[in-house]
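Take a look at the structure set out below.
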Amino acid sequence: MISESFLEELKLRCDVEQIISSYVLLKRSGRNLKGLCPFHSEKTPSFVVYPDSQSFYCFGCGVGGDAVTFIKRVENLEYVEAVKYLAERVGMPLPEDVAEDRTAQLRLRILEMNREAARFFHRCLIEPPGRQGLEYLLARGLDKKTIIRFGLGYAPDSWDALRDHLQQKGFSREEMVSAALVTQGRNNSVFDTFRHRVIFPIIDLRGNVIGFGGRALGADKGPKYLNSADTLAYKKSRNLFAMNFAKNTKEQRLILCEGYMDAVSIYQGGFDNAVATLGTALTPEQARLVSHYTKEVVLAYDSDEPGQAATRRAVKLFDEIGVKVKVLQIQGAKDPDEFIKKFGATRFKLLLDGSSNATEYAIARLRERHDIGTDDGKVRFLAELAGLLCEVPSPVERDVYISRWAGELGVSADALREQVKSSWRRKKNTQRKKQYADLGVASQDVEMNRKDPQRARNIGYALAEDKLIAALLKNNDFYPFISGQLQPEDFVTDSNRAIFAELCGRIAENRSTSMTALAGVLDEALISRLSWLIADNDTQRFDLDQVQDYINKIRSYKLKKDSAEISGMTGGELDDYIKKLSEKKRG
């Protein structure tokens, strides 16, 4: 456990506004600050930072907490690692007990193993056993300088080469399985995950080797590309290949590729701003990572149907977070790697500069699907065009396309404009329903009720619990008044009961009830809930009369009996129940 004195000192040194503003563009809104949430896609800011309570809360996705919680989520760290990260940032020496956390220690061991595995793979590549891997990379046009720069390697055609090497370095089989470097087989045996493959180490923004991608050699069964499974050190949905290089580029845009080889080839061609997804379609987390470093991205996906589908998905994700998108239309080659080899870096630079924006790309793809030489084809094209243009955020840009295509197809611009408006209304209604169902952004209580059926069934009591907890958080001095009448077991909802119990225990022992202290003992869901209670009652002042009302409401739950319970009461129990109801009404 981390001492509370250390956490309190860390809280005093870490200003939540300063910490979060290094990741999120915040704007002053009264006493608080607002920005676009880094944990879900949104166009209208719903992420609020509260300097007074040193907390944050997103009214869109329900995530909240303090500086430690924020770093834990945004950097994909365990709790102790987040504390360590912040402590190092403000120059606080770590207490010895922090280093004893088992999860944090295992993550460090995984990073050590990955670094050693990367060295092993690279050494195998440049030595005789890796000749086939090296020949493959050289045949793909990579030079030795690039190979060394990216730390590329080769996994031997063996079931146990890496396993035995890591064992000699002092790593256990259990640790290797946790790192996904070996795979658990039958009879408790383990074997190398990567075999007879060219290896691409995946390095995070702090220079840690967090995972690997392996390209198969030969015609053996198995996927062409094999990627590390998620571990304590690696989440493929939150990282990008070569981002450790691209983050330092002087270019004003990033190039997003589908594969490792594309990113490496583009880099060798003189462009240090190329990144690639990690064996999956672009994720919202990856899109937000890109948005931290640029406001414009060029999509350099393959020109085949899967590549076009990936392009459409990426355009949508980047549009949601306000990143400008251009689409590279490659002709004469199937991907950037092949184009650079055939035509050179200068032509590729011209291709980048001439890339079309996302709207033009989408219209071109739409145009290919319809025969506008026929009336039916023209009607279908215009209907889909209206659906596409209604999502263009700029009214000027939207009107330019409406005028152009209305003139080209010989229809009234006003008619097309009306169809665009109609499409916008339909999509808006659909989106609103989806948001309400998925996130409940129109009402935080609705969202909480949807996720917590127990709360939904007892909403009146739950709201009283909410207010009582908020009052206790703001005024610890209310504790004797509350504890004399109410205990945690009197709470109706499990989530509020857990929070209330922790608060009461801490106040009784004269311990801190700060968010920083609570983040170490409550899970993420409860911390987010606590953050919402703080946010929802940011400006409210409580008095003892209000507190008494909340207590009475919560206690009244025990008096609520259904008809079956009442019919089963004895005469004495029924008299007692009626007496309590009468007392409640008089009170």
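Residue numbering restarts at 1 for every chain of the structure tokens, chains are lettered A, B, ... in their displayed order, and ligands are numbered from 1 as they appear.
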Using only C-alpha atoms, which residues sit within 8 Å of region 308-313 of chain A once same-chain residues fewer than 4 positions away are excluded, as an mmCIF file with N, CA and C atoms, in the first residue's frame?
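As written to disk, out_14.cif reads:
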```
data_model
loop_
_atom_site.group_PDB
_atom_site.id
_atom_site.type_symbol
_atom_site.label_atom_id
_atom_site.label_comp_id
_atom_site.auth_asym_id
_atom_site.auth_seq_id
_atom_site.Cartn_x
_atom_site.Cartn_y
_atom_site.Cartn_z
ATOM 1 N N ALA A 281 -8.283 -2.608 -37.429
ATOM 2 C CA ALA A 281 -8.803 -1.366 -38.010
ATOM 3 C C ALA A 281 -8.540 -0.231 -37.026
ATOM 4 N N LEU A 282 -8.485 0.987 -37.541
ATOM 5 C CA LEU A 282 -8.253 2.153 -36.686
ATOM 6 C C LEU A 282 -9.298 2.193 -35.573
ATOM 7 N N LEU A 299 -4.539 9.674 -45.147
ATOM 8 C CA LEU A 299 -4.774 8.227 -45.107
ATOM 9 C C LEU A 299 -4.118 7.586 -46.315
ATOM 10 N N TYR A 301 -4.011 4.204 -47.244
ATOM 11 C CA TYR A 301 -4.423 2.808 -47.203
ATOM 12 C C TYR A 301 -4.368 2.186 -48.600
ATOM 13 N N ASP A 302 -4.419 0.863 -48.634
ATOM 14 C CA ASP A 302 -4.427 0.149 -49.916
ATOM 15 C C ASP A 302 -5.661 0.563 -50.724
ATOM 16 N N SER A 303 -5.560 0.398 -52.033
ATOM 17 C CA SER A 303 -6.653 0.811 -52.915
ATOM 18 C C SER A 303 -7.695 -0.286 -53.123
ATOM 19 N N ASP A 304 -7.507 -1.471 -52.497
ATOM 20 C CA ASP A 304 -8.486 -2.542 -52.662
ATOM 21 C C ASP A 304 -9.709 -2.272 -51.789
ATOM 22 N N LEU A 317 -14.042 8.426 -37.930
ATOM 23 C CA LEU A 317 -13.459 8.594 -36.600
ATOM 24 C C LEU A 317 -12.748 9.937 -36.473
ATOM 25 N N VAL A 327 -7.100 11.991 -48.351
ATOM 26 C CA VAL A 327 -6.982 10.586 -48.745
ATOM 27 C C VAL A 327 -6.028 10.469 -49.919
ATOM 28 N N ALA A 362 -14.820 10.477 -50.988
ATOM 29 C CA ALA A 362 -16.067 9.735 -50.800
ATOM 30 C C ALA A 362 -16.998 9.904 -51.997
#
```
Write out as a PyMOL selection string the residues lying within 9 Å of Ser178 (chain A), counting only C-alpha atoms and excluding same-chain residues fewer than 4 positions away. chain A and resi 106-107+110+173-174+182+231-232
With C-alpha atoms retained, could you export that selection as a PDB file, in the first residue's frame?
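Dumped everything to result-v4.pdb:
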```pdb
ATOM      1  CA  LEU A 106       5.132  -7.716 -13.417  1.00  0.00           C
ATOM      2  CA  ARG A 107       4.640  -4.941 -15.975  1.00  0.00           C
ATOM      3  CA  ILE A 110       7.366  -7.672 -19.171  1.00  0.00           C
ATOM      4  CA  ARG A 173       7.782 -19.355 -17.847  1.00  0.00           C
ATOM      5  CA  GLU A 174       4.883 -17.636 -16.086  1.00  0.00           C
ATOM      6  CA  VAL A 182       5.461 -17.803 -25.389  1.00  0.00           C
ATOM      7  CA  THR A 231      -0.674  -7.655 -21.991  1.00  0.00           C
ATOM      8  CA  LEU A 232      -0.139  -5.469 -18.930  1.00  0.00           C
TER       9      LEU A 232
END
```
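Using only C-alpha atoms for every distance, the candidate list A:Leu181, A:Val492, A:Val63, A:Leu25 yields A:Val63 as the residue closest to His40 (chain A).
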Do you know which residues are at most 10 Å from region 333-335 of chain A counting only C-alpha atoms, after dropping those on the same chain fewer than 3 positions away, and could you put them as a compact mmCIF listing (two decimals) with C-alpha atoms, in the first residue's frame?
```
# COMPACT_ATOMS: atom_id res chain seq x y z
CA CYS A 257 -0.76 3.46 -43.11
CA GLU A 258 -2.27 0.02 -42.81
CA GLY A 259 0.90 -1.96 -42.25
CA ASP A 262 4.40 0.80 -45.43
CA ALA A 300 -2.44 6.04 -47.14
CA TYR A 301 -4.42 2.81 -47.20
CA ASP A 302 -4.43 0.15 -49.92
CA SER A 303 -6.65 0.81 -52.92
CA ASP A 304 -8.49 -2.54 -52.66
CA GLY A 307 -8.49 -0.59 -47.86
CA LEU A 328 -4.04 9.40 -50.80
CA GLN A 329 -5.28 8.03 -54.12
CA ILE A 330 -2.52 5.74 -55.33
CA GLU A 338 5.16 -0.30 -53.88
CA PHE A 339 4.62 3.27 -55.13
CA ILE A 340 7.85 4.56 -53.57
CA LYS A 341 9.81 1.65 -55.02
CA LYS A 342 8.41 2.22 -58.51
CA PHE A 343 8.34 6.02 -58.69
```
Counting only C-alpha atoms, which residue out of A:Ile534, A:Val325, A:Leu350, A:Ile551 sits closest to Phe478 (chain A)? A:Ile551
Long-range neighbours of region 211-228 of chain A as a list in words, 9 Å cut-off, only C-alpha atoms, 5 positions minimum in chain: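 So, after excluding close chain neighbours, the residues are Leu111, Asn114, Ala118, Gln132, Gly133, Tyr136, Tyr154, Ala155, Ala179, Ala180, Leu181, Thr193, Phe194, Arg195, His196, Arg197, Val198, Ile199, Phe200, Pro201, Ile202, Ile203, Ala233, Tyr234, Lys235, Lys236, Tyr260, Leu278 and Gly279 of chain A.
In the backbone-derived DSSP annotation, strand (DSSP E) within region 305-461 of chain A comprises Lys324, Val325, Lys326, Val327, Ser356 and Asn357 of chain A.
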Region 27-218 of chain A: residues DSSP assigns to alpha helix (DSSP H), reported as a VMD selection string: chain A and resid 67 to 74 79 to 89 102 to 126 131 to 139 144 to 150 161 to 168 173 to 178
Write out as an mmCIF file with N, CA and C atoms, in the first residue's frame each polymer residue whose atoms come within 6 Å of region 54-60 of chain A, counting only C-alpha atoms; drop sequence neighbours fewer than 6 positions from it.
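What ended up in result.cif:
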```cif
data_model
loop_
_atom_site.group_PDB
_atom_site.id
_atom_site.type_symbol
_atom_site.label_atom_id
_atom_site.label_comp_id
_atom_site.auth_asym_id
_atom_site.auth_seq_id
_atom_site.Cartn_x
_atom_site.Cartn_y
_atom_site.Cartn_z
ATOM 1 N N VAL A 16 -4.316 19.456 -11.006
ATOM 2 C CA VAL A 16 -5.052 18.669 -11.998
ATOM 3 C C VAL A 16 -5.209 19.432 -13.306
ATOM 4 N N SER A 46 -17.673 18.069 -23.358
ATOM 5 C CA SER A 46 -18.460 17.652 -22.199
ATOM 6 C C SER A 46 -17.541 17.227 -21.052
ATOM 7 N N PHE A 47 -16.243 17.454 -21.244
ATOM 8 C CA PHE A 47 -15.213 17.070 -20.275
ATOM 9 C C PHE A 47 -14.893 18.306 -19.420
ATOM 10 N N VAL A 48 -15.128 18.212 -18.115
ATOM 11 C CA VAL A 48 -14.984 19.371 -17.231
ATOM 12 C C VAL A 48 -13.929 19.090 -16.163
ATOM 13 N N ASP A 66 -9.310 11.926 -10.458
ATOM 14 C CA ASP A 66 -8.346 12.967 -10.129
ATOM 15 C C ASP A 66 -7.158 12.865 -11.073
ATOM 16 N N VAL A 441 -26.258 10.419 -23.135
ATOM 17 C CA VAL A 441 -25.668 11.734 -22.946
ATOM 18 C C VAL A 441 -26.715 12.795 -22.656
ATOM 19 N N SER A 531 -16.739 11.066 -8.878
ATOM 20 C CA SER A 531 -16.430 12.294 -9.622
ATOM 21 C C SER A 531 -17.707 12.958 -10.120
#
```
Tell me, as a ChimeraX atom specification, which residues lie within 10 Å of Leu26 (chain A), counting only C-alpha atoms; anything in the same chain fewer than 3 positions away does not count. /A:17-18,20-23,29,32-36,45,47-49
Go ahead and dump the residues you just picked, C-alpha atoms, as a PDB file, in the first residue's frame.
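Below is the file out_18.pdb, written as the result:
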```
ATOM      1  CA  GLU A  17      -5.486  21.550 -14.463  1.00  0.00           C
ATOM      2  CA  GLN A  18      -1.796  21.546 -15.328  1.00  0.00           C
ATOM      3  CA  ILE A  20      -4.714  17.460 -17.888  1.00  0.00           C
ATOM      4  CA  SER A  21      -3.940  20.530 -20.021  1.00  0.00           C
ATOM      5  CA  SER A  22      -0.824  18.763 -21.324  1.00  0.00           C
ATOM      6  CA  TYR A  23      -3.202  16.267 -22.987  1.00  0.00           C
ATOM      7  CA  SER A  29     -15.809  28.186 -18.159  1.00  0.00           C
ATOM      8  CA  ASN A  32     -13.972  25.428 -14.100  1.00  0.00           C
ATOM      9  CA  LEU A  33     -12.476  24.389 -17.439  1.00  0.00           C
ATOM     10  CA  LYS A  34     -13.946  22.466 -20.374  1.00  0.00           C
ATOM     11  CA  GLY A  35     -12.506  20.515 -23.279  1.00  0.00           C
ATOM     12  CA  LEU A  36     -13.051  17.587 -25.627  1.00  0.00           C
ATOM     13  CA  PRO A  45     -16.945  19.608 -25.061  1.00  0.00           C
ATOM     14  CA  PHE A  47     -15.213  17.070 -20.275  1.00  0.00           C
ATOM     15  CA  VAL A  48     -14.984  19.371 -17.231  1.00  0.00           C
ATOM     16  CA  VAL A  49     -12.033  19.984 -14.904  1.00  0.00           C
TER      17      VAL A  49
END
```
Which residues are close to Ser5 (chain A), i.e. within 12 Å by only C-alpha atoms, leaving aside same-chain residues fewer than 4 positions away? Reply as a ChimeraX atom specification. /A:1,9-12,95,511-512,514,516-517
With N, CA and C atoms retained, export the selected residues as a short mmCIF file (atom, residue, chain, number, x, y, z; two decimals), in the first residue's frame.
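Full text of out-v7.cif as output:
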```
data_model
loop_
_atom_site.label_atom_id
_atom_site.label_comp_id
_atom_site.auth_asym_id
_atom_site.auth_seq_id
_atom_site.Cartn_x
_atom_site.Cartn_y
_atom_site.Cartn_z
N MET A 1 0.84 -1.20 0.00
CA MET A 1 0.00 0.00 0.00
C MET A 1 0.88 1.25 0.00
N GLU A 9 0.79 14.53 -0.17
CA GLU A 9 1.86 15.40 -0.66
C GLU A 9 1.85 15.46 -2.19
N LEU A 10 1.63 14.29 -2.82
CA LEU A 10 1.56 14.24 -4.28
C LEU A 10 0.39 15.08 -4.77
N LYS A 11 -0.74 15.00 -4.08
CA LYS A 11 -1.92 15.78 -4.47
C LYS A 11 -1.62 17.28 -4.43
N LEU A 12 -0.90 17.72 -3.40
CA LEU A 12 -0.58 19.13 -3.26
C LEU A 12 0.34 19.61 -4.37
N PRO A 95 8.44 6.30 -2.21
CA PRO A 95 8.66 5.50 -1.00
C PRO A 95 8.90 4.05 -1.37
N ARG A 511 -8.71 10.02 8.52
CA ARG A 511 -7.89 9.83 7.31
C ARG A 511 -8.46 10.66 6.17
N SER A 512 -7.66 10.84 5.14
CA SER A 512 -8.04 11.71 4.03
C SER A 512 -9.21 11.13 3.22
N SER A 514 -9.76 12.66 0.19
CA SER A 514 -9.48 13.28 -1.11
C SER A 514 -9.63 12.25 -2.22
N THR A 516 -7.56 11.63 -4.52
CA THR A 516 -6.28 10.93 -4.70
C THR A 516 -6.18 9.74 -3.76
N ALA A 517 -6.60 9.93 -2.51
CA ALA A 517 -6.55 8.82 -1.55
C ALA A 517 -7.56 7.74 -1.90
#
```
Measuring atom to atom with only C-alpha atoms, identify which of A:Leu416, A:Gly270, A:Ser355, A:Leu526 is nearest to Tyr401 (chain A). A:Leu416
Shortest interatomic distance to Arg73 (chain A) - which of A:Arg506, A:Arg238, A:Lys326, A:Arg380, counting only C-alpha atoms: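 When distances to Arg73 (chain A) are compared using only C-alpha atoms, the smallest one comes from A:Arg238.
Counting only C-alpha atoms and comparing A:Asn552, A:Met515, A:Cys390, A:Leu409, the residue that lies closest to Lys421 (chain A) is A:Cys390.
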Using only C-alpha atoms, which of A:Gln167, A:Thr69, A:Asn537, A:Ser158 sits nearest Glu524 (chain A)? A:Thr69
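The space separating CA of Arg131 (chain A) from CA of Asn208 (chain A) comes to 27.1 Å.
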